[in-house]
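The file entry11.txt comes next; it holds compact mmCIF, C-alpha atoms and all ligand atoms.
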# COMPACT_ATOMS: atom_id res chain seq x y z
CA MET A 1 -8.03 -28.63 -8.71
CA SER A 2 -10.28 -25.67 -9.50
CA GLN A 3 -11.93 -23.23 -7.13
CA LEU A 4 -15.40 -21.74 -7.20
CA HIS A 5 -16.53 -18.63 -5.34
CA VAL A 6 -20.15 -18.87 -4.23
CA ASP A 7 -21.84 -15.53 -3.45
CA PRO A 8 -25.35 -15.85 -1.98
CA SER A 9 -26.00 -12.16 -1.42
CA HIS A 10 -28.58 -11.75 -4.24
CA LEU A 11 -30.94 -14.69 -3.67
CA ALA A 12 -34.17 -15.00 -5.63
CA ALA A 13 -37.24 -17.24 -5.36
CA ALA A 14 -37.15 -19.75 -8.21
CA ARG A 15 -38.55 -23.12 -9.19
CA LEU A 16 -35.71 -25.60 -8.83
CA THR A 17 -35.39 -28.96 -10.60
CA PRO A 18 -33.53 -31.99 -9.28
CA PRO A 19 -32.11 -34.67 -11.59
CA LEU A 20 -33.75 -38.07 -11.93
CA SER A 21 -32.80 -40.33 -9.04
CA LYS A 22 -29.55 -42.19 -9.63
CA SER A 23 -30.42 -44.94 -7.15
CA ASP A 24 -33.79 -45.56 -8.82
CA ALA A 25 -32.29 -45.30 -12.31
CA GLN A 26 -29.57 -47.85 -11.56
CA ARG A 27 -32.09 -50.46 -10.45
CA ALA A 28 -34.43 -49.68 -13.33
CA LEU A 29 -31.59 -49.90 -15.88
CA VAL A 30 -30.60 -53.41 -14.79
CA LEU A 31 -34.20 -54.59 -14.71
CA ALA A 32 -35.00 -53.01 -18.08
CA HIS A 33 -32.01 -54.88 -19.51
CA LEU A 34 -33.15 -58.20 -18.00
CA THR A 35 -36.83 -57.92 -18.95
CA GLY A 36 -36.67 -56.61 -22.53
CA HIS A 37 -37.41 -52.92 -21.78
CA TRP A 38 -34.02 -51.66 -22.97
CA PRO A 39 -33.36 -48.77 -23.48
CA LEU A 40 -35.17 -47.10 -20.61
CA ALA A 41 -37.61 -44.51 -22.00
CA THR A 42 -37.67 -41.99 -19.07
CA LEU A 43 -33.92 -41.88 -18.98
CA GLN A 44 -33.65 -41.39 -22.73
CA ALA A 45 -35.99 -38.40 -22.45
CA GLU A 46 -33.54 -36.65 -20.08
CA PRO A 47 -30.66 -34.81 -21.85
CA GLU A 48 -27.49 -36.90 -21.46
CA SER A 49 -25.70 -33.94 -19.85
CA ASP A 50 -28.30 -33.91 -17.03
CA ARG A 51 -27.89 -37.61 -16.25
CA ALA A 52 -25.83 -38.44 -13.17
CA ALA A 53 -22.35 -39.73 -14.02
CA ASP A 54 -23.16 -42.90 -12.03
CA VAL A 55 -26.13 -43.53 -14.31
CA ARG A 56 -23.92 -43.09 -17.37
CA VAL A 57 -21.44 -45.58 -15.88
CA LEU A 58 -24.10 -48.19 -15.28
CA THR A 59 -25.58 -47.66 -18.75
CA ARG A 60 -22.17 -48.27 -20.35
CA GLY A 61 -21.65 -51.35 -18.17
CA VAL A 62 -24.99 -52.87 -19.12
CA GLU A 63 -24.31 -52.08 -22.79
CA ALA A 64 -21.05 -54.05 -22.50
CA LEU A 65 -22.93 -57.01 -21.02
CA ARG A 66 -25.47 -56.90 -23.85
CA LEU A 67 -22.75 -57.52 -26.46
CA PRO A 68 -22.25 -61.14 -27.53
CA PRO A 69 -19.66 -63.01 -25.41
CA GLY A 70 -16.18 -62.55 -26.87
CA PRO A 71 -13.24 -60.33 -25.94
CA VAL A 72 -12.79 -58.87 -22.47
CA ARG A 73 -14.89 -55.68 -22.19
CA ASP A 74 -13.51 -52.72 -20.21
CA VAL A 75 -15.78 -50.56 -18.07
CA ASP A 76 -14.56 -47.55 -16.10
CA CYS A 77 -16.76 -47.20 -13.00
CA ALA A 78 -15.13 -43.87 -12.00
CA ASP A 79 -16.32 -43.05 -8.46
CA GLY A 80 -19.55 -45.08 -8.51
CA GLY A 81 -19.95 -47.46 -5.58
CA ALA A 82 -23.42 -48.71 -6.49
CA PRO A 83 -22.73 -48.97 -10.25
CA PHE A 84 -19.50 -50.89 -9.64
CA ARG A 85 -21.04 -53.29 -7.14
CA ILE A 86 -24.15 -53.84 -9.28
CA LEU A 87 -22.03 -54.50 -12.38
CA VAL A 88 -19.78 -57.02 -10.61
CA THR A 89 -22.77 -59.26 -9.93
CA GLN A 90 -24.43 -58.67 -13.31
CA ALA A 91 -21.17 -59.60 -15.02
CA ALA A 92 -20.88 -62.73 -12.86
CA VAL A 93 -24.39 -63.92 -13.80
CA THR A 94 -24.14 -63.16 -17.54
CA PRO A 95 -23.17 -66.51 -19.11
CA GLY A 96 -19.69 -66.36 -20.61
CA ALA A 97 -19.18 -62.63 -19.93
CA ARG A 98 -15.60 -61.39 -19.57
CA VAL A 99 -15.42 -57.94 -18.04
CA ARG A 100 -12.59 -55.79 -16.66
CA LEU A 101 -13.73 -53.07 -14.25
CA THR A 102 -11.67 -50.08 -13.15
CA GLY A 103 -12.37 -46.98 -11.06
CA THR A 104 -10.87 -44.17 -9.01
CA PRO A 105 -8.32 -44.89 -6.27
CA ARG A 106 -10.98 -43.97 -3.70
CA LEU A 107 -13.49 -46.46 -5.16
CA GLY A 108 -10.73 -49.06 -5.00
CA GLU A 109 -10.22 -48.34 -1.30
CA ARG A 110 -13.89 -48.72 -0.38
CA PRO A 111 -14.89 -52.17 0.94
CA HIS A 112 -16.00 -54.71 -1.68
CA GLY A 113 -14.53 -57.96 -0.30
CA PRO A 114 -17.77 -59.34 1.20
CA LEU A 115 -19.51 -59.06 -2.19
CA PHE A 116 -16.63 -60.74 -4.02
CA ASP A 117 -16.51 -63.53 -1.42
CA SER A 118 -20.25 -64.13 -1.68
CA LEU A 119 -20.08 -64.42 -5.48
CA ARG A 120 -17.08 -66.75 -5.27
CA GLU A 121 -18.79 -68.95 -2.67
CA THR A 122 -21.93 -69.45 -4.77
CA LEU A 123 -20.66 -69.26 -8.36
CA GLY A 124 -17.02 -70.35 -7.89
CA PRO A 125 -17.87 -74.07 -7.99
CA SER A 126 -19.54 -73.52 -11.41
CA GLY A 127 -16.43 -71.75 -12.77
CA LEU A 128 -16.68 -68.04 -11.85
CA VAL A 129 -13.25 -66.38 -11.90
CA LEU A 130 -13.10 -63.03 -10.05
CA THR A 131 -9.65 -61.51 -9.72
CA GLU A 132 -8.58 -58.28 -8.03
CA GLY A 133 -5.68 -56.01 -8.96
CA LYS A 134 -4.16 -53.62 -6.44
CA PRO A 135 -6.96 -52.52 -6.41
CA TRP A 136 -7.65 -52.31 -10.16
CA PRO A 137 -8.64 -53.94 -12.40
CA VAL A 138 -11.31 -56.23 -11.06
CA GLU A 139 -11.80 -58.92 -13.70
CA ILE A 140 -14.74 -61.27 -13.97
CA HIS A 141 -15.05 -64.35 -16.16
CA ALA A 142 -18.58 -65.63 -15.75
CA PRO A 143 -19.56 -69.31 -15.81
CA THR A 144 -22.29 -70.59 -18.12
CA THR A 145 -24.08 -72.51 -15.36
CA ALA A 146 -24.85 -71.76 -11.71
CA GLY A 147 -24.96 -73.88 -8.54
CA ALA A 148 -26.88 -73.78 -5.24
CA PRO A 149 -29.37 -70.89 -5.54
CA VAL A 150 -28.40 -68.77 -2.56
CA PHE A 151 -25.97 -65.91 -1.92
CA ARG A 152 -24.84 -65.18 1.65
CA VAL A 153 -23.49 -61.75 2.50
CA PRO A 154 -22.91 -59.58 5.59
CA GLY A 155 -25.08 -56.46 5.83
CA ALA A 156 -23.18 -54.17 8.21
CA GLN A 157 -20.87 -52.28 5.80
CA SER A 158 -23.18 -51.64 2.87
CA SER A 159 -26.65 -52.59 1.68
CA GLN A 160 -25.31 -52.43 -1.86
CA TYR A 161 -23.87 -55.95 -1.63
CA ALA A 162 -27.33 -57.38 -0.93
CA SER A 163 -29.02 -55.13 -3.54
CA SER A 164 -26.50 -56.17 -6.15
CA LEU A 165 -26.95 -59.86 -5.35
CA LEU A 166 -30.75 -59.57 -5.37
CA LEU A 167 -30.61 -58.04 -8.86
CA GLY A 168 -28.38 -61.01 -9.71
CA CYS A 169 -31.10 -63.31 -8.35
CA ALA A 170 -33.56 -61.71 -10.83
CA ALA A 171 -31.21 -62.53 -13.73
CA LEU A 172 -30.74 -66.08 -12.49
CA TYR A 173 -34.47 -66.57 -11.89
CA LEU A 174 -35.21 -65.59 -15.49
CA ARG A 175 -32.52 -67.91 -16.80
CA GLU A 176 -33.21 -70.96 -14.65
CA LYS A 177 -36.89 -70.52 -13.65
CA ARG A 178 -36.10 -71.49 -10.07
CA PRO A 179 -36.12 -69.28 -6.93
CA TRP A 180 -32.86 -67.55 -5.97
CA SER A 181 -32.18 -65.97 -2.56
CA VAL A 182 -29.93 -63.57 -0.71
CA GLU A 183 -29.29 -64.32 2.95
CA ILE A 184 -28.07 -61.38 4.99
CA GLN A 185 -25.70 -62.16 7.81
CA GLY A 186 -25.83 -59.92 10.88
CA PRO A 187 -27.37 -56.43 11.02
CA LEU A 188 -28.23 -54.59 7.79
CA THR A 189 -27.29 -50.93 7.31
CA SER A 190 -29.16 -48.63 4.90
CA ALA A 191 -32.06 -51.12 4.88
CA GLY A 192 -34.25 -48.67 2.94
CA TYR A 193 -31.99 -49.04 -0.11
CA LEU A 194 -32.51 -52.81 -0.17
CA GLU A 195 -36.25 -52.13 0.11
CA LEU A 196 -35.85 -49.76 -2.86
CA THR A 197 -34.37 -52.66 -4.81
CA VAL A 198 -37.31 -54.88 -3.80
CA THR A 199 -39.76 -52.16 -4.85
CA TRP A 200 -38.17 -51.93 -8.29
CA LEU A 201 -38.13 -55.71 -8.73
CA ARG A 202 -41.87 -55.79 -7.99
CA ARG A 203 -42.55 -52.83 -10.30
CA PHE A 204 -40.94 -54.79 -13.13
CA GLY A 205 -43.09 -57.86 -12.40
CA PHE A 206 -40.89 -60.00 -10.13
CA THR A 207 -42.26 -61.75 -7.06
CA VAL A 208 -40.01 -61.12 -4.08
CA GLU A 209 -40.52 -62.91 -0.77
CA GLU A 210 -38.80 -61.42 2.25
CA THR A 211 -38.14 -62.19 5.88
CA ALA A 212 -35.87 -60.09 8.11
CA SER A 213 -32.72 -61.74 6.76
CA ARG A 214 -33.68 -63.56 3.55
CA PHE A 215 -34.84 -62.04 0.26
CA SER A 216 -35.94 -64.41 -2.53
CA VAL A 217 -36.95 -63.87 -6.15
CA THR A 218 -39.60 -66.53 -6.69
CA GLY A 219 -41.63 -65.50 -9.74
CA TYR A 220 -41.97 -63.18 -12.73
CA GLN A 221 -44.93 -61.82 -14.72
CA PRO A 222 -43.84 -59.52 -17.57
CA SER A 223 -45.10 -55.96 -17.18
CA PRO A 224 -46.21 -54.08 -20.32
CA SER A 225 -43.87 -51.12 -19.81
CA ALA A 226 -41.00 -49.91 -17.65
CA PRO A 227 -42.09 -47.64 -14.78
CA PRO A 228 -40.85 -44.01 -14.89
CA ILE A 229 -37.90 -42.85 -12.77
CA PRO A 230 -38.76 -40.24 -10.12
CA GLY A 231 -36.85 -37.11 -9.12
CA ASP A 232 -33.91 -37.66 -6.78
CA TRP A 233 -34.76 -37.21 -3.10
CA SER A 234 -31.07 -36.86 -2.17
CA SER A 235 -30.79 -33.86 -4.50
CA LEU A 236 -34.20 -32.57 -3.38
CA GLY A 237 -32.65 -32.36 0.09
CA TYR A 238 -30.37 -29.48 -0.97
CA LEU A 239 -33.00 -27.84 -3.16
CA LEU A 240 -35.78 -27.91 -0.56
CA LEU A 241 -33.52 -26.17 1.97
CA ILE A 242 -32.55 -23.59 -0.66
CA ALA A 243 -36.26 -23.12 -1.51
CA TRP A 244 -37.00 -22.60 2.20
CA ARG A 245 -34.37 -19.87 2.41
CA THR A 246 -35.35 -18.14 -0.84
CA GLY A 247 -39.13 -18.60 -0.82
CA GLY A 248 -38.90 -20.72 -3.98
CA SER A 249 -40.16 -24.20 -4.78
CA VAL A 250 -38.92 -27.51 -6.15
CA GLU A 251 -40.23 -29.84 -8.86
CA ARG A 252 -40.32 -33.64 -9.07
CA ALA A 253 -40.96 -34.07 -5.32
CA ASP A 254 -42.71 -37.39 -5.88
CA PRO A 255 -44.25 -38.88 -2.70
CA SER A 256 -44.66 -42.29 -4.38
CA SER A 257 -40.87 -42.64 -4.59
CA ALA A 258 -39.45 -45.35 -2.31
CA HIS A 259 -36.11 -43.52 -1.91
CA PRO A 260 -34.87 -43.48 1.73
CA ASP A 261 -33.92 -39.80 1.53
CA GLN A 262 -37.59 -38.82 1.37
CA ALA A 263 -37.16 -39.08 5.17
CA LEU A 264 -36.00 -35.45 4.94
CA LEU A 265 -39.66 -34.35 4.98
CA ARG A 266 -40.12 -35.91 8.42
CA LEU A 267 -36.68 -35.12 9.86
CA ILE A 268 -36.80 -31.34 9.31
CA GLN A 269 -40.15 -30.88 11.09
CA PRO A 270 -38.87 -30.96 14.70
CA ALA A 271 -36.48 -28.17 13.68
CA GLY A 272 -39.48 -26.01 12.73
CA LEU A 273 -39.56 -26.52 8.94
CA THR A 274 -42.79 -27.67 7.29
CA PRO A 275 -42.90 -29.10 3.75
CA VAL A 276 -45.89 -27.88 1.76
CA PRO A 277 -46.79 -30.01 -1.29
CA GLY A 278 -48.18 -28.10 -4.30
CA PRO A 279 -49.62 -29.12 -7.68
CA ASP A 280 -47.71 -31.27 -10.19
CA LEU A 281 -45.20 -32.69 -7.67
CA THR A 282 -43.98 -29.24 -6.63
CA MET A 283 -43.14 -28.47 -3.00
CA ARG A 284 -42.22 -25.51 -0.82
CA VAL A 285 -40.93 -25.39 2.76
CA GLU A 286 -42.31 -22.95 5.34
CA GLY A 287 -41.53 -22.20 8.97
CA GLN A 288 -38.94 -20.69 11.29
CA ALA A 289 -35.95 -22.57 12.66
CA ARG A 290 -36.78 -23.28 16.31
CA ASP A 291 -34.86 -26.36 17.47
CA GLY A 292 -32.16 -28.88 16.54
CA LEU A 293 -32.84 -32.12 14.65
CA VAL A 294 -32.07 -35.82 15.08
CA ALA A 295 -31.24 -38.28 12.27
CA SER A 296 -29.59 -41.67 11.85
CA GLY A 297 -26.97 -42.81 9.33
CA LYS A 298 -28.64 -46.22 9.35
CA GLU A 299 -31.81 -44.79 7.86
CA CYS A 300 -30.58 -42.21 5.35
CA PRO A 301 -26.76 -42.00 5.23
CA ASP A 302 -26.66 -39.65 2.23
CA LEU A 303 -28.86 -37.06 3.98
CA LEU A 304 -26.59 -36.64 6.96
CA PRO A 305 -24.24 -34.09 5.35
CA THR A 306 -27.29 -32.09 4.19
CA LEU A 307 -28.82 -32.20 7.66
CA ALA A 308 -25.48 -31.19 9.19
CA ALA A 309 -25.52 -28.09 6.95
CA LEU A 310 -29.03 -27.28 8.16
CA ALA A 311 -27.89 -27.93 11.75
CA CYS A 312 -25.38 -25.08 11.36
CA VAL A 313 -28.24 -22.55 11.04
CA LEU A 314 -30.57 -23.97 13.72
CA PRO A 315 -30.78 -22.33 17.15
CA ARG A 316 -29.93 -25.50 19.13
CA PRO A 317 -27.53 -28.44 18.69
CA SER A 318 -28.49 -31.41 16.47
CA THR A 319 -27.71 -35.09 16.90
CA LEU A 320 -26.61 -37.43 14.13
CA THR A 321 -26.48 -41.10 15.16
CA ASP A 322 -24.88 -44.19 13.54
CA VAL A 323 -22.40 -42.01 11.69
CA GLY A 324 -19.67 -44.68 11.28
CA ILE A 325 -21.04 -45.71 7.85
CA LEU A 326 -20.13 -42.22 6.55
CA ARG A 327 -16.44 -43.14 6.64
CA LEU A 328 -16.99 -45.58 3.74
CA LYS A 329 -18.42 -43.19 1.14
CA GLU A 330 -16.81 -41.20 -1.73
CA SER A 331 -14.64 -39.61 0.96
CA ASP A 332 -14.54 -39.97 4.72
CA ARG A 333 -17.78 -38.02 5.07
CA LEU A 334 -17.71 -38.02 8.85
CA GLU A 335 -14.43 -36.14 8.65
CA GLY A 336 -15.90 -33.98 5.85
CA ILE A 337 -18.93 -32.98 7.96
CA ARG A 338 -16.69 -32.09 10.90
CA LYS A 339 -14.53 -30.00 8.57
CA PHE A 340 -17.30 -27.89 7.06
CA VAL A 341 -19.04 -27.35 10.39
CA SER A 342 -15.75 -26.16 11.84
CA ALA A 343 -14.92 -24.05 8.74
CA TYR A 344 -18.30 -22.37 9.30
CA GLY A 345 -17.43 -21.68 12.94
CA GLY A 346 -19.57 -24.41 14.54
CA THR A 347 -18.39 -27.31 16.65
CA THR A 348 -18.85 -31.07 16.55
CA THR A 349 -18.35 -33.70 19.22
CA LEU A 350 -18.17 -37.39 18.46
CA GLU A 351 -19.05 -39.92 21.14
CA GLY A 352 -18.99 -43.46 19.83
CA GLU A 353 -21.14 -43.35 16.71
CA THR A 354 -23.03 -40.17 17.66
CA LEU A 355 -22.07 -36.75 16.35
CA THR A 356 -23.42 -33.58 17.92
CA VAL A 357 -23.40 -30.48 15.73
CA THR A 358 -23.49 -27.15 17.54
CA PRO A 359 -24.03 -24.01 15.45
CA PRO A 360 -21.67 -21.03 15.85
CA LYS A 361 -22.71 -18.11 18.07
CA ALA A 362 -21.63 -15.63 15.40
CA PRO A 363 -21.82 -16.97 11.82
CA PRO A 364 -18.90 -16.01 9.54
CA ALA A 365 -19.20 -13.74 6.50
CA HIS A 366 -17.07 -16.22 4.51
CA PHE A 367 -15.88 -19.81 4.82
CA ALA A 368 -13.75 -22.18 2.71
CA MET A 369 -14.15 -25.87 2.04
CA ASP A 370 -12.43 -28.58 -0.03
CA SER A 371 -14.86 -31.15 -1.47
CA HIS A 372 -12.12 -33.81 -1.55
CA GLY A 373 -13.85 -35.00 -4.75
CA ASP A 374 -17.04 -35.83 -2.85
CA HIS A 375 -20.18 -34.54 -4.60
CA ARG A 376 -22.26 -34.37 -1.44
CA LEU A 377 -19.66 -32.34 0.46
CA ALA A 378 -19.49 -29.87 -2.45
CA MET A 379 -23.27 -29.47 -2.64
CA VAL A 380 -23.90 -29.24 1.11
CA SER A 381 -21.20 -26.58 1.49
CA ALA A 382 -22.96 -24.50 -1.16
CA THR A 383 -26.32 -25.19 0.50
CA LEU A 384 -24.90 -23.91 3.80
CA ALA A 385 -23.69 -20.77 2.04
CA VAL A 386 -27.24 -20.15 0.78
CA LEU A 387 -28.85 -20.96 4.14
CA SER A 388 -26.54 -18.64 6.06
CA GLY A 389 -25.73 -15.90 3.56
CA ALA A 390 -21.99 -16.55 4.04
CA ARG A 391 -19.78 -16.51 0.96
CA LEU A 392 -18.01 -19.79 0.19
CA THR A 393 -14.72 -20.59 -1.54
CA LEU A 394 -15.03 -24.19 -2.67
CA THR A 395 -12.13 -26.26 -3.93
CA GLY A 396 -13.12 -29.08 -6.31
CA PRO A 397 -16.68 -28.17 -7.40
CA GLU A 398 -16.71 -30.46 -10.49
CA CYS A 399 -17.51 -33.61 -8.54
CA VAL A 400 -21.24 -32.74 -8.48
CA GLU A 401 -21.34 -34.57 -11.86
CA LYS A 402 -21.61 -37.86 -9.98
CA SER A 403 -25.23 -37.35 -8.96
CA PHE A 404 -26.36 -33.84 -10.00
CA PRO A 405 -24.58 -32.37 -13.06
CA GLY A 406 -26.97 -29.38 -13.19
CA PHE A 407 -26.47 -28.38 -9.54
CA TRP A 408 -24.57 -25.14 -10.20
CA ARG A 409 -27.13 -24.06 -12.82
CA GLN A 410 -29.92 -24.56 -10.26
CA LEU A 411 -28.01 -22.41 -7.75
CA GLU A 412 -27.70 -19.66 -10.35
CA LYS A 413 -31.48 -19.86 -10.83
CA ALA A 414 -31.80 -19.15 -7.09
CA GLY A 415 -29.73 -15.97 -7.55
CA VAL A 416 -26.40 -17.35 -6.37
CA ARG A 417 -23.46 -15.72 -8.17
CA LEU A 418 -20.64 -18.05 -9.11
CA SER A 419 -17.13 -17.05 -10.18
CA GLU A 420 -13.86 -18.89 -10.65
O1 LIG B 501 -28.02 -48.76 -3.04
C1 LIG B 501 -27.83 -47.56 -3.26
O2 LIG B 501 -28.20 -47.02 -4.33
C2 LIG B 501 -27.16 -46.75 -2.22
C3 LIG B 501 -27.04 -47.23 -0.93
C4 LIG B 501 -26.37 -46.48 0.16
O3 LIG B 501 -25.09 -47.05 0.39
P1 LIG B 501 -24.77 -48.13 1.55
O4 LIG B 501 -25.77 -49.22 1.49
O5 LIG B 501 -23.40 -48.57 1.19
O6 LIG B 501 -24.84 -47.37 2.87
C5 LIG B 501 -26.19 -45.00 -0.23
O7 LIG B 501 -25.29 -44.39 0.66
C6 LIG B 501 -25.68 -44.85 -1.65
O8 LIG B 501 -25.53 -43.50 -2.01
C7 LIG B 501 -26.64 -45.43 -2.64
C1 LIG B 502 -22.45 -43.07 -1.36
C2 LIG B 502 -22.93 -42.68 -2.54
O1 LIG B 502 -22.92 -43.41 -3.68
P1 LIG B 502 -22.15 -44.76 -4.03
O2 LIG B 502 -22.03 -45.58 -2.77
O3 LIG B 502 -23.02 -45.42 -5.05
O4 LIG B 502 -20.81 -44.38 -4.58
C3 LIG B 502 -23.58 -41.35 -2.67
O5 LIG B 502 -24.07 -41.05 -3.77
O6 LIG B 502 -23.61 -40.57 -1.71

What is this structure when it is put down as structure tokens?
Amino acid sequence: MSQLHVDPSHLAAARLTPPLSKSDAQRALVLAHLTGHWPLATLQAEPESDRAADVRVLTRGVEALRLPPGPVRDVDCADGGAPFRILVTQAAVTPGARVRLTGTPRLGERPHGPLFDSLRETLGPSGLVLTEGKPWPVEIHAPTTAGAPVFRVPGAQSSQYASSLLLGCAALYLREKRPWSVEIQGPLTSAGYLELTVTWLRRFGFTVEETASRFSVTGYQPSPSAPPIPGDWSSLGYLLLIAWRTGGSVERADPSSAHPDQALLRLIQPAGLTPVPGPDLTMRVEGQARDGLVASGKECPDLLPTLAALACVLPRPSTLTDVGILRLKESDRLEGIRKFVSAYGGTTTLEGETLTVTPPKAPPAHFAMDSHGDHRLAMVSATLAVLSGARLTLTGPECVEKSFPGFWRQLEKAGVRLSE
């Protein structure tokens, strides 16, 4: 495992560029495949080395499904929760497909059972075979017909089950020309990501009817072209904070994006930070830190580590609610947040599902953090180094590939010196 030394003592104002959004790209890739817009033009225009590893995984998976039915196709999903879960359903609804999916041990540990059970319940009677190794491989042999047009799935652990099934409904609608639905049992976490899926379905010409717990694909009108993929609001979270500290700006801050992490713009304001939109989707952040912040893991789970880094440099404690979901990500991110806050000299207290982050009285000149292979923990640790001026020794910096391969280059643009 390699180490990176991050030295933020020579910061410079720069214009910083996030990658294209992996969550948007994943939905658009599946829909482009289903509606005859393959390959996806905006993605093709982005150099392959700048595309999130999760996007590359999903692209390879869809390419495998586009091959004529025949031998079992292998797809390595690496660490990608959304790509894996989306591909499981797409494989199950591709007539005659035979696919063997593998991934990292951590991806194998994350919860997928409710999605598998839902697919088995609806497509099992028509002949779906979905087998699980320990935990790999997960093998899917898809039927050539389908049965009752409804998937039922619990919503508390992940919205990705419902998003994956709703994209499956789009495939089944096109094939059978009858409405297909997803019924969500119990409360739904990360609801904004399911809404993102609905937004993309509509952008590609599908009619989606929704009530609080039922989402149905009921129509389709071909659209002339595939909509473009916006910049990634999760990555903009780090870059906007870095731009605030350095007096720089960010690009691709698209307000028309439906990504839940655009909530950052609202959530930082009580702390004293004001986003200032500029021309051509650029944005700066002005203001002085004056208070703590409040955010919920139900609304924007992926922003919570970023906001916890900001909380370390605010003058008062911050409150993060509904943090239990963070245990189910690429690492136990609740533990990860507590570790970097403490490595930086701050304190956290957890009461039920609410985490309070209290900044240190005297910030350190240096701190150390292990990413545990989690891209967000790596990037928020570096963001905290920039925000505070403290030097960072980071173990495991490579994992940024998952969502933001160019992250370290962007930091260098902001004057950060990196050495091994
Ligand atoms: O659908 C998506 O693209 C995502 C949904 C969220 O996961 P959960 O719904 O599992 O919370 C989020 O944390 C993840 O990074 C991406
Ligand atoms: C949780 C994440 O992604 P996924 O669930 O798709 O692995 C993430 O990118 O923070």

**Request:** Do a neighbour search on A:Leu172 at 10 Å with all atoms listed in the file, toss out local chain neighbours closer than 3 positions, and write the hits as a PyMOL selection string.
**Result:** chain A and resi 34+90+93-94+145-146+149+166-169+175-180+217

Please write out the residues within 6 Å of ligand LIG 501 (chain B) as an mmCIF file with C-alpha atoms, in the coordinates of the input, counting all atoms listed in the file.
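selection.cif was written with the following content:
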data_model
loop_
_atom_site.group_PDB
_atom_site.id
_atom_site.type_symbol
_atom_site.label_atom_id
_atom_site.label_comp_id
_atom_site.auth_asym_id
_atom_site.auth_seq_id
_atom_site.Cartn_x
_atom_site.Cartn_y
_atom_site.Cartn_z
ATOM 1 C CA SER A 23 -30.420 -44.940 -7.150
ATOM 2 C CA ALA A 82 -23.420 -48.710 -6.490
ATOM 3 C CA SER A 158 -23.180 -51.640 2.870
ATOM 4 C CA SER A 159 -26.650 -52.590 1.680
ATOM 5 C CA GLN A 160 -25.310 -52.430 -1.860
ATOM 6 C CA SER A 190 -29.160 -48.630 4.900
ATOM 7 C CA TYR A 193 -31.990 -49.040 -0.110
ATOM 8 C CA PRO A 301 -26.760 -42.000 5.230
ATOM 9 C CA ASP A 302 -26.660 -39.650 2.230
#

**Message:** For a quick check of understanding, using all atoms listed in the file, which of A:Asp374, A:Asp117, A:Asp254, A:Asp76 has the smallest distance to A:Pro397?
**Reply:** A:Asp374

**Message:** So, with all atoms listed in the file as the atoms that count, which of A:Val250, A:Ala170, A:Val99, A:Cys399 lies closest to ligand LIG 502 (chain B)?
**Reply:** A:Cys399

**Asked** What's the 12 Å shell around A:Ala52, counting all atoms listed in the file, without same-chain residues fewer than 4 positions away, as a count of residues only?
**Response** 33

**Fill in**
Restricting to only C-alpha atoms, whichever of A:Thr42, A:Ser9, A:Ser371, A:Ser163 is closest to A:Glu412 is A:Ser9

**Message:** Show me, as a list in words, the residues that have an atom within 9 Å of A:Thr354 when counting only C-alpha atoms, minus same-chain residues fewer than 2 positions from it.
**Reply:**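 Within the cut-off, the hits are Ser296, Thr319, Leu320, Thr321, Asp322, Val323, Gly324, Thr349, Leu350, Glu351, Gly352 and Thr356 of chain A.
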
**Message:** So the first atom is atom CA of A:Ser234 and the second is atom CA of A:Lys361; what is the distance between them in Å, to one decimal place?
**Reply:**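 One can read the atom CA of A:Ser234 to atom CA of A:Lys361 distance as 28.8 Å.
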
**Prompt:** With all atoms listed in the file as the atoms that count, which of A:Pro154, A:Gly192, A:Pro305, A:Pro135 lies nearest to A:Pro114?
**Reply:** A:Pro154

**Message:** As an exercise, work out the distance from atom CA of A:Phe215 to atom CA of A:Leu87 in Å and give it to one decimal place.
**Reply:** 19.5 Å

**Prompt:** Could you work out how far atom CA of A:Ala162 lies from atom CA of A:Pro125, giving the answer in Å with one decimal?
**Reply:**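 Atom CA of A:Pro125 sits 20.4 Å away from atom CA of A:Ala162.
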
**Message:** Quick one: residues within 10 Å of A:Ser388, all atoms listed in the file, excluding same-chain residues fewer than 5 positions away - as a count of residues only?
**Reply:** 14

Would you tabulate, counting only C-alpha atoms, all residues of stretch 119-196 of chain A that have an atom at most 10 Å from an atom of stretch 104-112 of chain A, showing the closest pair of atoms and their distance in Å to one decimal, sorted by chain then ascending number, as CSV?
residue,atom,partner,partner_atom,distance
A:Glu132,CA,A:Gly108,CA,9.9
A:Gly133,CA,A:Gly108,CA,9.5
A:Lys134,CA,A:Gly108,CA,8.1
A:Pro135,CA,A:Gly108,CA,5.3
A:Trp136,CA,A:Gly108,CA,6.8
A:Pro137,CA,A:Gly108,CA,9.1
A:Val138,CA,A:Gly108,CA,9.4
A:Gln157,CA,A:Pro111,CA,7.7
A:Ser158,CA,A:Pro111,CA,8.5
A:Gln160,CA,A:His112,CA,9.6
A:Tyr161,CA,A:His112,CA,8.0

**From A:Glu210, A:Asp332, A:Glu251, A:Glu195, residue lying nearest ligand LIG 502 (chain B) [all atoms listed in the file]** =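 Of the candidates, the smallest distance to ligand LIG 502 (chain B) is held by A:Asp332.
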